[in-house]
Each structure stands twice: as structure tokens, then as C-alpha cells.
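Raw contents of my_file.csv, CSV, C-alpha atoms:
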chain,number,residue,atom,x,y,z
A,1,MET,CA,0.0,0.0,0.0
A,2,LEU,CA,1.3,3.5,-0.8
A,3,ASP,CA,-0.4,6.5,0.7
A,4,ARG,CA,0.6,9.9,-0.7
A,5,PHE,CA,-0.2,13.3,0.6
A,6,PHE,CA,0.9,16.4,-1.3
A,7,VAL,CA,0.7,19.3,1.0
A,8,ARG,CA,0.8,23.0,0.0
A,9,HIS,CA,2.3,24.8,3.0
A,10,ARG,CA,5.3,26.9,3.8
A,11,VAL,CA,6.3,23.9,5.9
A,12,ALA,CA,5.7,21.6,3.0
A,13,LEU,CA,6.1,17.8,3.2
A,14,ARG,CA,5.5,14.8,1.0
A,15,ILE,CA,4.7,11.6,2.8
A,16,HIS,CA,5.2,8.1,1.4
A,17,HIS,CA,4.0,5.5,3.9
A,18,HIS,CA,5.1,1.9,3.3
A,19,SER,CA,3.2,-0.9,5.0
A,20,PHE,CA,3.7,-4.7,4.8
A,21,SER,CA,2.7,-7.3,2.3
A,22,PHE,CA,2.0,-10.8,3.4
A,23,SER,CA,1.4,-14.1,1.7
A,24,SER,CA,-0.8,-15.9,4.2
A,25,SER,CA,-4.6,-15.7,4.6
A,26,PRO,CA,-6.1,-14.3,6.8
A,27,PRO,CA,-3.4,-11.6,7.0
A,28,PRO,CA,-1.0,-12.1,9.9
A,29,SER,CA,0.0,-9.5,12.4
A,30,PRO,CA,2.6,-7.1,10.9
A,31,VAL,CA,6.2,-7.4,11.7
A,32,PHE,CA,6.3,-5.4,14.9
A,33,PRO,CA,8.5,-5.5,18.0
A,34,ARG,CA,7.3,-6.9,21.3
A,35,THR,CA,6.5,-3.5,22.9
A,36,ALA,CA,3.2,-3.0,24.7
A,37,VAL,CA,0.9,-0.6,22.8
A,38,GLN,CA,1.1,2.0,25.6
A,39,ASN,CA,4.9,2.2,25.1
A,40,LEU,CA,5.1,2.4,21.3
A,41,LYS,CA,7.5,5.0,20.0
A,42,ILE,CA,8.4,6.4,16.6
A,43,GLY,CA,11.9,7.7,15.9
A,44,ILE,CA,12.8,10.7,13.7
A,45,VAL,CA,15.7,9.5,11.6
A,46,GLY,CA,17.9,11.0,8.8
A,47,LEU,CA,21.3,12.4,7.9
A,48,PRO,CA,22.6,15.3,9.9
A,49,ASN,CA,21.3,18.8,9.0
A,50,VAL,CA,18.1,17.6,7.2
A,51,GLY,CA,15.7,19.3,9.6
A,52,LYS,CA,15.0,16.5,12.1
A,53,SER,CA,15.2,18.5,15.2
A,54,SER,CA,13.4,21.5,13.7
A,55,PHE,CA,10.6,19.1,12.6
A,56,PHE,CA,10.6,17.5,16.1
A,57,ASN,CA,10.2,21.0,17.7
A,58,ALA,CA,7.4,22.0,15.3
A,59,LEU,CA,5.6,18.6,15.8
A,60,SER,CA,5.9,18.6,19.6
A,61,ASP,CA,5.5,22.3,20.1
A,62,THR,CA,8.7,22.4,22.2
A,63,ASP,CA,12.3,23.5,21.8
A,64,LEU,CA,13.7,20.3,23.1
A,65,GLY,CA,15.3,19.4,19.7
A,66,LYS,CA,18.8,20.8,19.3
A,67,ALA,CA,18.6,22.4,15.8
A,68,ALA,CA,22.1,23.6,14.7
A,69,ASN,CA,24.1,24.1,11.5
A,70,PHE,CA,26.6,21.3,12.2
A,71,PRO,CA,26.5,17.5,12.4
A,72,TYR,CA,25.7,15.7,15.7
A,73,ALA,CA,24.1,18.7,17.4
A,74,THR,CA,21.8,16.0,18.9
A,75,ILE,CA,23.6,13.3,20.9
A,76,ASN,CA,21.1,12.1,23.4
A,77,PRO,CA,17.6,11.5,22.0
A,78,GLU,CA,14.8,13.8,23.0
A,79,GLU,CA,11.2,12.5,23.6
A,80,ALA,CA,7.8,14.1,23.4
A,81,ARG,CA,4.2,12.9,23.5
A,82,ILE,CA,2.2,14.3,20.5
A,83,PRO,CA,-1.6,14.4,20.6
A,84,VAL,CA,-3.1,12.7,17.6
A,85,PRO,CA,-5.6,15.0,15.9
A,86,ASP,CA,-9.1,13.4,15.6
A,87,ALA,CA,-12.3,15.2,14.6
A,88,ARG,CA,-14.3,12.4,16.3
A,89,PHE,CA,-12.6,13.1,19.6
A,90,GLU,CA,-13.3,16.8,19.4
A,91,TRP,CA,-17.0,16.2,18.5
A,92,LEU,CA,-17.4,13.8,21.5
A,93,CYS,CA,-15.9,16.4,23.8
A,94,GLU,CA,-18.3,19.0,22.5
A,95,THR,CA,-21.2,16.6,23.0
A,96,TYR,CA,-20.4,15.3,26.5
A,97,LYS,CA,-18.6,18.5,27.8
A,98,PRO,CA,-16.4,16.4,30.1
A,99,VAL,CA,-14.3,17.6,33.0
A,100,SER,CA,-11.3,15.8,31.6
A,101,ARG,CA,-10.3,15.2,27.9
A,102,VAL,CA,-7.6,12.7,27.1
A,103,PRO,CA,-6.8,12.3,23.4
A,104,ALA,CA,-4.6,9.5,21.8
A,105,PHE,CA,-0.9,10.2,21.8
A,106,LEU,CA,2.1,9.3,19.7
A,107,THR,CA,5.5,9.3,21.4
A,108,CYS,CA,8.2,10.7,19.1
A,109,ILE,CA,11.9,10.5,19.6
A,110,ASP,CA,14.4,12.9,18.0
A,111,ILE,CA,17.4,10.7,17.1
A,112,ALA,CA,20.8,12.1,16.1
A,113,GLY,CA,21.8,12.1,12.4
A,114,LEU,CA,23.2,8.9,10.8
A,115,THR,CA,26.0,9.1,8.2
A,116,ALA,CA,27.5,6.7,5.7
A,117,GLY,CA,29.5,4.1,7.7
A,118,ALA,CA,27.2,4.3,10.7
A,119,SER,CA,26.8,0.5,10.7
A,120,THR,CA,30.5,0.2,11.4
A,121,GLY,CA,30.6,2.9,14.0
A,122,ALA,CA,31.3,6.0,12.0
A,123,GLY,CA,30.0,9.2,13.5
A,124,LEU,CA,28.9,7.5,16.8
A,125,GLY,CA,26.9,5.3,14.5
A,126,ASN,CA,26.6,2.3,16.9
A,127,SER,CA,25.1,4.5,19.6
A,128,PHE,CA,22.7,6.2,17.2
A,129,LEU,CA,21.6,2.9,15.6
A,130,SER,CA,20.9,1.5,19.1
A,131,HIS,CA,18.5,4.4,19.5
A,132,VAL,CA,16.8,3.5,16.2
A,133,ARG,CA,16.5,-0.1,17.4
A,134,ALA,CA,14.7,1.0,20.6
A,135,VAL,CA,11.8,2.6,18.6
A,136,ASP,CA,8.9,0.8,16.9
A,137,GLY,CA,8.5,2.9,13.8
A,138,ILE,CA,10.5,5.5,11.8
A,139,PHE,CA,9.9,9.0,10.5
A,140,GLN,CA,12.7,9.3,7.9
A,141,VAL,CA,13.3,13.0,7.1
A,142,VAL,CA,14.9,13.7,3.7
A,143,ARG,CA,16.3,17.1,2.8
A,144,ALA,CA,15.1,18.6,-0.5
A,145,PHE,CA,15.9,22.3,0.3
A,146,ASP,CA,19.0,23.9,-1.1
A,147,ASP,CA,20.5,26.4,1.3
A,148,ALA,CA,24.1,27.5,1.2
A,149,GLU,CA,23.9,28.5,4.9
A,150,VAL,CA,23.0,24.9,6.0
A,151,ILE,CA,25.8,22.5,5.3
A,152,HIS,CA,25.1,19.1,3.9
A,153,VAL,CA,27.2,16.2,5.2
A,154,GLU,CA,27.5,14.7,1.7
A,155,GLY,CA,28.4,18.1,0.1
A,156,ASP,CA,25.2,18.6,-2.0
A,157,VAL,CA,21.5,18.0,-1.9
A,158,ASP,CA,20.4,14.6,-3.3
A,159,PRO,CA,17.3,13.2,-1.6
A,160,LEU,CA,17.4,9.8,-3.3
A,161,ARG,CA,21.1,9.3,-2.4
A,162,ASP,CA,20.3,10.3,1.2
A,163,MET,CA,17.5,7.8,1.4
A,164,ASP,CA,19.7,5.1,0.0
A,165,ILE,CA,22.4,5.9,2.6
A,166,ILE,CA,20.0,5.4,5.5
A,167,GLN,CA,18.5,2.3,4.0
A,168,THR,CA,21.9,0.8,3.4
A,169,GLU,CA,23.2,1.5,6.9
A,170,LEU,CA,20.1,0.0,8.6
A,171,ARG,CA,20.3,-3.1,6.3
A,172,LEU,CA,24.1,-3.5,7.0
A,173,LYS,CA,23.5,-3.4,10.7
A,174,ASP,CA,20.7,-6.0,10.4
A,175,ILE,CA,23.0,-8.3,8.4
A,176,GLU,CA,25.6,-8.0,11.2
A,177,TRP,CA,23.0,-8.9,13.8
A,178,VAL,CA,21.5,-11.8,11.8
A,179,GLU,CA,25.0,-13.3,11.1
A,180,LYS,CA,25.7,-13.2,14.9
A,181,SER,CA,22.4,-14.9,15.6
A,182,LEU,CA,23.3,-17.7,13.1
A,183,GLU,CA,26.6,-18.3,14.9
A,184,GLY,CA,24.8,-19.4,18.1
A,185,LEU,CA,22.1,-21.6,16.4
A,186,LYS,CA,22.1,-25.3,15.9
A,187,ARG,CA,21.5,-26.8,12.4
A,188,THR,CA,17.8,-27.5,13.1
A,189,GLY,CA,17.0,-23.8,14.0
A,190,ARG,CA,18.9,-22.1,11.1
A,191,SER,CA,16.6,-22.3,8.1
A,192,LEU,CA,14.4,-19.3,8.9
A,193,VAL,CA,17.3,-17.1,10.1
A,194,GLU,CA,19.1,-18.1,6.9
A,195,LYS,CA,16.0,-17.0,4.9
A,196,ILE,CA,16.1,-13.6,6.8
A,197,LEU,CA,19.7,-13.2,5.9
A,198,ASN,CA,19.0,-14.1,2.2
A,199,VAL,CA,16.3,-11.4,2.1
A,200,LEU,CA,18.9,-8.8,3.3
A,201,THR,CA,21.9,-9.9,1.3
A,202,VAL,CA,20.7,-11.8,-1.9
A,203,ASP,CA,17.3,-10.1,-2.5
A,204,ASN,CA,18.7,-6.7,-1.1
A,205,LYS,CA,15.3,-6.2,0.5
A,206,ASP,CA,14.3,-4.6,3.8
A,207,ILE,CA,12.6,-7.1,6.1
A,208,ARG,CA,9.3,-5.3,6.1
A,209,LYS,CA,9.1,-5.6,2.3
A,210,ALA,CA,9.3,-9.4,2.3
A,211,ASP,CA,6.5,-12.0,2.7
A,212,TRP,CA,6.3,-13.7,6.1
A,213,ASN,CA,3.7,-16.0,7.7
A,214,ASN,CA,2.6,-15.8,11.3
A,215,LYS,CA,5.1,-18.3,12.6
A,216,GLU,CA,8.0,-16.6,10.8
A,217,ILE,CA,6.9,-13.2,12.1
A,218,ASP,CA,7.4,-14.4,15.7
A,219,ILE,CA,11.0,-15.2,14.9
A,220,VAL,CA,11.6,-12.0,13.0
A,221,ASN,CA,10.2,-10.0,15.9
A,222,GLY,CA,12.6,-11.7,18.3
A,223,LEU,CA,15.5,-10.4,16.3
A,224,GLN,CA,14.3,-6.7,16.6
A,225,LEU,CA,15.6,-5.8,13.2
A,226,LEU,CA,15.9,-2.2,12.0
A,227,THR,CA,14.5,-2.8,8.5
A,228,ALA,CA,11.4,-4.6,10.0
A,229,LYS,CA,10.2,-1.2,11.3
A,230,PRO,CA,7.5,0.7,9.4
A,231,VAL,CA,8.8,3.8,7.7
A,232,THR,CA,7.1,7.1,6.9
A,233,TYR,CA,9.2,9.2,4.5
A,234,LEU,CA,9.0,13.0,5.0
A,235,VAL,CA,10.6,15.3,2.4
A,236,ASN,CA,11.6,18.6,4.0
A,237,LEU,CA,11.2,21.4,1.4
A,238,SER,CA,12.1,24.3,3.7
A,239,GLU,CA,14.2,24.1,6.8
A,240,LYS,CA,13.8,27.8,7.7
A,241,ASP,CA,10.0,27.6,7.8
A,242,TYR,CA,10.3,24.9,10.5
A,243,GLU,CA,12.5,27.1,12.6
A,244,ARG,CA,10.0,29.9,12.2
A,245,LEU,CA,7.0,27.7,13.0
A,246,ALA,CA,8.2,26.0,16.1
A,247,PRO,CA,8.2,29.0,18.5
A,248,MET,CA,4.8,30.4,17.3
A,249,SER,CA,1.7,30.3,19.4
A,250,ASP,CA,-1.4,28.4,18.1
A,251,ALA,CA,-3.0,31.7,17.0
A,252,GLU,CA,0.2,32.7,15.1
A,253,LYS,CA,0.4,29.4,13.4
A,254,GLU,CA,-3.2,29.6,12.3
A,255,GLU,CA,-2.6,33.1,11.0
A,256,GLU,CA,0.4,31.9,9.0
A,257,GLN,CA,-1.7,29.1,7.5
A,258,THR,CA,-4.3,31.6,6.4
A,259,LYS,CA,-1.6,33.7,4.7
A,260,ALA,CA,-0.2,30.6,3.0
A,261,GLY,CA,-3.7,29.5,1.9
A,262,ALA,CA,-3.2,26.0,3.1
A,263,GLN,CA,-3.3,23.8,6.2
A,264,SER,CA,-0.3,22.5,8.1
A,265,ALA,CA,0.8,19.0,7.3
A,266,LEU,CA,1.8,18.3,10.9
A,267,GLY,CA,-1.6,16.7,11.9
A,268,LYS,CA,-1.5,14.4,8.9
A,269,ILE,CA,2.1,13.4,9.7
A,270,THR,CA,1.2,12.5,13.3
A,271,GLN,CA,-1.8,10.5,12.1
A,272,ALA,CA,0.4,8.8,9.4
A,273,GLY,CA,2.9,7.8,12.1
A,274,TYR,CA,0.2,6.5,14.4
A,275,SER,CA,-1.4,4.4,11.5
A,276,SER,CA,2.0,3.1,10.4
A,277,LEU,CA,2.2,1.3,13.8
A,278,ASP,CA,-1.1,-0.4,13.0
A,279,LEU,CA,-2.8,1.5,15.8
A,280,ILE,CA,-6.5,2.3,16.2
A,281,ARG,CA,-8.5,3.8,19.0
A,282,TYR,CA,-11.8,3.4,20.8
A,283,PHE,CA,-13.5,5.9,23.1
A,284,THR,CA,-15.0,5.9,26.6
A,285,CYS,CA,-17.3,8.8,27.1
A,286,GLY,CA,-19.1,10.5,30.0
A,287,PRO,CA,-19.5,13.8,31.9
A,288,ASP,CA,-16.3,13.1,33.9
A,289,GLU,CA,-14.0,12.2,31.0
A,290,VAL,CA,-13.9,11.6,27.3
A,291,ARG,CA,-10.8,9.5,26.5
A,292,ALA,CA,-9.3,7.8,23.4
A,293,TRP,CA,-7.7,4.4,24.2
A,294,THR,CA,-5.0,3.2,21.8
A,295,ILE,CA,-5.0,-0.5,20.8
A,296,ARG,CA,-3.6,-2.5,17.9
A,297,LYS,CA,-5.8,-3.3,14.9
A,298,GLY,CA,-7.4,-6.7,15.4
A,299,THR,CA,-7.6,-6.4,19.2
A,300,LYS,CA,-10.4,-8.4,20.8
A,301,ALA,CA,-12.8,-6.8,23.3
A,302,PRO,CA,-11.3,-8.3,26.5
A,303,GLN,CA,-7.8,-7.1,25.6
A,304,ALA,CA,-9.2,-3.7,24.7
A,305,ALA,CA,-10.9,-3.4,28.1
A,306,GLY,CA,-7.6,-4.5,29.7
A,307,VAL,CA,-5.9,-1.4,28.4
A,308,ILE,CA,-7.9,0.5,31.0
A,309,HIS,CA,-7.3,-2.0,33.8
A,310,SER,CA,-6.2,-5.6,33.9
A,311,ASP,CA,-9.3,-6.5,36.0
A,312,PHE,CA,-11.5,-5.5,33.1
A,313,GLU,CA,-9.8,-8.1,31.0
A,314,ASN,CA,-9.4,-10.8,33.6
A,315,LYS,CA,-13.1,-10.5,34.8
A,316,PHE,CA,-14.6,-9.6,31.4
A,317,VAL,CA,-18.3,-10.1,31.0
A,318,CYS,CA,-19.2,-8.1,27.9
A,319,GLY,CA,-19.0,-4.7,26.3
A,320,GLU,CA,-21.8,-2.3,25.3
A,321,ILE,CA,-20.6,-1.0,22.0
A,322,MET,CA,-21.9,1.7,19.7
A,323,SER,CA,-20.1,3.2,16.7
A,324,TYR,CA,-19.1,6.9,16.6
A,325,GLU,CA,-21.0,7.2,13.3
A,326,ASP,CA,-24.3,5.9,14.9
A,327,LEU,CA,-23.9,8.3,17.9
A,328,LYS,CA,-23.3,11.3,15.6
A,329,GLU,CA,-26.2,10.3,13.4
A,330,HIS,CA,-28.7,9.8,16.2
A,331,GLY,CA,-27.4,12.5,18.6
A,332,SER,CA,-27.5,10.8,21.9
A,333,GLU,CA,-26.9,7.4,23.6
A,334,ALA,CA,-30.6,7.0,24.3
A,335,ALA,CA,-31.5,7.6,20.6
A,336,VAL,CA,-28.8,5.1,19.6
A,337,LYS,CA,-30.3,2.5,21.9
A,338,ALA,CA,-33.8,3.2,20.7
A,339,ALA,CA,-32.6,2.7,17.1
A,340,GLY,CA,-31.3,-0.8,18.1
A,341,LYS,CA,-27.7,0.3,17.4
A,342,LEU,CA,-26.3,-0.3,21.0
A,343,ARG,CA,-24.8,-3.8,20.9
A,344,GLN,CA,-23.7,-6.2,23.6
A,345,GLN,CA,-20.4,-7.8,22.5
A,346,GLY,CA,-18.6,-10.8,24.0
A,347,LYS,CA,-15.0,-12.1,24.1
A,348,PRO,CA,-14.8,-12.9,20.3
A,349,TYR,CA,-15.6,-9.3,19.2
A,350,GLU,CA,-12.8,-7.5,17.3
A,351,MET,CA,-12.7,-3.8,18.1
A,352,VAL,CA,-13.3,-1.3,15.2
A,353,ASP,CA,-11.6,2.1,15.0
A,354,GLY,CA,-14.0,4.6,16.5
A,355,ASP,CA,-16.0,2.3,18.7
A,356,ILE,CA,-17.5,3.8,21.9
A,357,ALA,CA,-17.4,1.2,24.7
A,358,TYR,CA,-18.8,0.6,28.1
A,359,TRP,CA,-17.3,-2.5,29.8
A,360,LYS,CA,-19.0,-4.9,32.2
A,361,SER,CA,-16.8,-7.1,34.4
A,362,GLY,CA,-17.4,-9.6,37.2
A,363,ALA,CA,-16.7,-9.1,40.9
Please re-express this file's structure in C-alpha cells.
Amino acid sequence: MLDRFFVRHRVALRIHHHSFSFSSSPPPSPVFPRTAVQNLKIGIVGLPNVGKSSFFNALSDTDLGKAANFPYATINPEEARIPVPDARFEWLCETYKPVSRVPAFLTCIDIAGLTAGASTGAGLGNSFLSHVRAVDGIFQVVRAFDDAEVIHVEGDVDPLRDMDIIQTELRLKDIEWVEKSLEGLKRTGRSLVEKILNVLTVDNKDIRKADWNNKEIDIVNGLQLLTAKPVTYLVNLSEKDYERLAPMSDAEKEEEQTKAGAQSALGKITQAGYSSLDLIRYFTCGPDEVRAWTIRKGTKAPQAAGVIHSDFENKFVCGEIMSYEDLKEHGSEAAVKAAGKLRQQGKPYEMVDGDIAYWKSGA
């Protein structure tokens, strides 16, 4: 699948989002690390001086990222929780007028720039690649702006070459890790790991672009490979506009968008990163709180309830579920119930993005 957004904005980005292809039916779970949904993180990756830290600051509405005109201005990764824009959540808050509003969040990490040779340790590469290994998805920022005041580590601006450098370094590190894994395996356990190595070396493919069945995915996940992570490519067309945007207030940003005659891409980017991790959300609603709960696509009702509290999963009885669309159409919970659209769902029910749930559990 290839999703493409072309965004007219003075902070302009082009997004290419690659997801997985699989050969089995029904589709298996994607190749994802072992991390619990609540701890999922997406890392901002790219060469030095491509605008990663400026993008991180604009996205997170902070000045944590160390934007500077020299390589390795960022050494230790910075982290921020970014609210995921959702018109459904805003409508629910307007409808219920709760005391507390808790949207879905995406945790983003600003990772220092990688250079050619990073897989062999060049430019603190081993340290930085370990930071990439610790995240679950990647925003890869590619520089397309030409500015004599902002040096380029490779000497000139060439987005395709820069993408290839990052891809090559991640793949070379994966090859090193897989070869080490093979050294410790007995003959009977080598066939799948040898297949993984062939994908990387013979096919010259990233792991996420190969076909894997459910059993193979469990092994792939255990290796925590860099090229198994979903990647969203962001092409930075104007570094200076990022630097201008980051310190602005919300009102100033809105005024800037009006002048430009376009909407900021930042909300779309946040949602693209969230979706790349195969995440959806359901809502709990009431006068005290409207809250979006993040779960993986394909999650069953008991496990979705368990995101709130483990007792809801362990003592699960059922869920009363209505869709956001039904609530918006009918206007109130009572009207949804009267229309026969409030459903009781048991343990086999698979949650749908936008469900509104009330859980019942035993004593």
C-alpha cells in the first residue's frame, strides 16, 4: 500500500508510507517489536542537517530538539508525546462536555543524524543505531531544500542518495545482527534465520518488504531488526520555515496558515505515524471524561478493556458498544439504543476504530 499526501504549505512535506505485504490468509499481524501498545515510539531518523530537530520541535510544540548548523548537534535522543488529531474526539468532547479530555498520543523520539558508515561505528553510528533499534517505527526525514547556509554532510542535496544511505546503513546493521544470531544456532534452527539473511543480502530487501507467515513473524520480531520497522518518509522542502513555525503560538500558526492559503501537514504526519504502527483507538465517554484508548488493529474486546485496567480483561463479561457514526447520526446514547444500534459484544468481538465502549466485568 502506498499513501501519498501532497501538502501545500510553507512547511511543506511529501509523505510516502510503506506498509507490509504478506502471503498468508487471513493476513497475519505485521512485523512489529514486542513492545506494549502504551509504550510504542516512533523515531525521527535521517542524515545530519536535514531538519529532524526543527521538525521535532514543530511537531511537539517544544524547543527540546537541538537544531544547529553542524552534524551531531543532537547526541542524546529527546522524547515528546504528541496528541493525535481526531475530529471524532473533538465532537465527542463538544457533545459530552467532560471535566477531563484525554486524546490519543504518539510518542516521538528525536534521534541524532546517521551518516554513511554508521553501521561500522562512523560518527557515533553504533550508539545512534541502538536508539533506532529502541523505537517501533520510523519517520525518515529527507532534505530537499538547497540552502548554502545549511551545510550538507555529503556536500550537496540529493534526496534519493540520502534515502539510500540510511536504508543501506540500517540493512548492513541488520546483516551483522542476523549473522551473529546464526553463529549461536544449531543446524535445526537455522533455516528461517538463513531465509532472513538471504532477504537482506541476496534479495537486497528490507525485512518489512518481504513476505512472512505468522510463525515466521514471531522469529523476526525476536531479532528486533531495524528494517522490519514501518517507515514514513518525510521530504523537507524548507528548513527555515520549520524554525519559524516552532516558537509560534497556536494563533500565530493559524494566521500563518491563512496567509499561505493551506493547512499545516503536521496533523496528517502525526496520524500517518500512528497508523504506520497499526494502531486504532476506541473511546470511553461520560461527563467526567472523554478518552481515546490506543489499541492494535485486530484487538479483541477483553484485551481492549484490559488497556484501561487488567481486572476488566481478567473478569470480562461483555461490552456495550456503539459506533461513533451511529452516535453522531442519532445525537444521543438514548437515541442510539432506541434505534437498536447499541450492541452487547462478548469475548470474540474484534474492536473497530471509533467504537465507543462501556465495559462490564465480574466481581
Gap from CA of Phe145 in chain A to CA of Asn57 in chain A - Å, one decimal: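 According to the coordinates, CA of Phe145 in chain A and CA of Asn57 in chain A are separated by 18.4 Å.
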Among listed residues A:Leu327, A:Leu40, A:Val231, A:Cys285, nearest Ile269 in chain A (using all atoms listed in the file): A:Val231
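Of the listed residues A:Thr294, A:Ser361, A:Asn49, A:Ser276, the one whose atoms come nearest to Glu313 in chain A is A:Ser361, with distances taken using all atoms listed in the file.
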Nearest candidate to Ala339 in chain A (options A:Ala58, A:Ala292, A:Met322, A:Ala272; using all atoms listed in the file):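 When distances to Ala339 in chain A are compared using all atoms listed in the file, the smallest one comes from A:Met322.
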Length of the CA of Asp211 in chain A to CA of Gly137 in chain A vector [Å]: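 Separation between CA of Asp211 in chain A and CA of Gly137 in chain A: 18.7 Å.
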Padded axis-aligned box of range 219-231 of chain A (3 Å per side), centre and edge lengths, Å, one decimal, as lines of an AutoDock Vina configuration file:
center_x = 11.7
center_y = -5.7
center_z = 13.0
size_x = 14.4
size_y = 25.0
size_z = 16.6
Two-atom distance - CA of Ile219 in chain A, CA of Trp293 in chain A (Å): 28.6 Å
Near-Pro302 in chain A list (10 Å; all atoms listed in the file; drop same-chain fewer than 3 positions) as a list in words: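 Counting only the stated atoms, we get Thr299, Ala305, Gly306, Val307, Ser310, Asp311, Phe312, Glu313, Asn314, Lys315, Phe316, Val317, Cys318, Gly319, Gln345, Gly346, Lys347, Pro348, Tyr349, Glu350, Met351, Trp359 and Ser361 of chain A.
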Option closest in space to Gln271 in chain A, from A:Pro98, A:Pro83, A:Gly331, A:Gly298 [counting only C-alpha atoms]: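 Among the listed residues, A:Pro83 lies closest to Gln271 in chain A.
Among the candidates A:Arg88, A:Leu192, A:Ala104, A:Leu170, the residue lying nearest to Asn204 in chain A is A:Leu170 (atoms considered: only C-alpha atoms).
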Among the residues A:Arg133, A:Lys337, A:Lys215, A:Arg208, the one that comes closest to Pro230 in chain A [using all atoms listed in the file]: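 Selected residue with least distance to Pro230 in chain A: A:Arg208.
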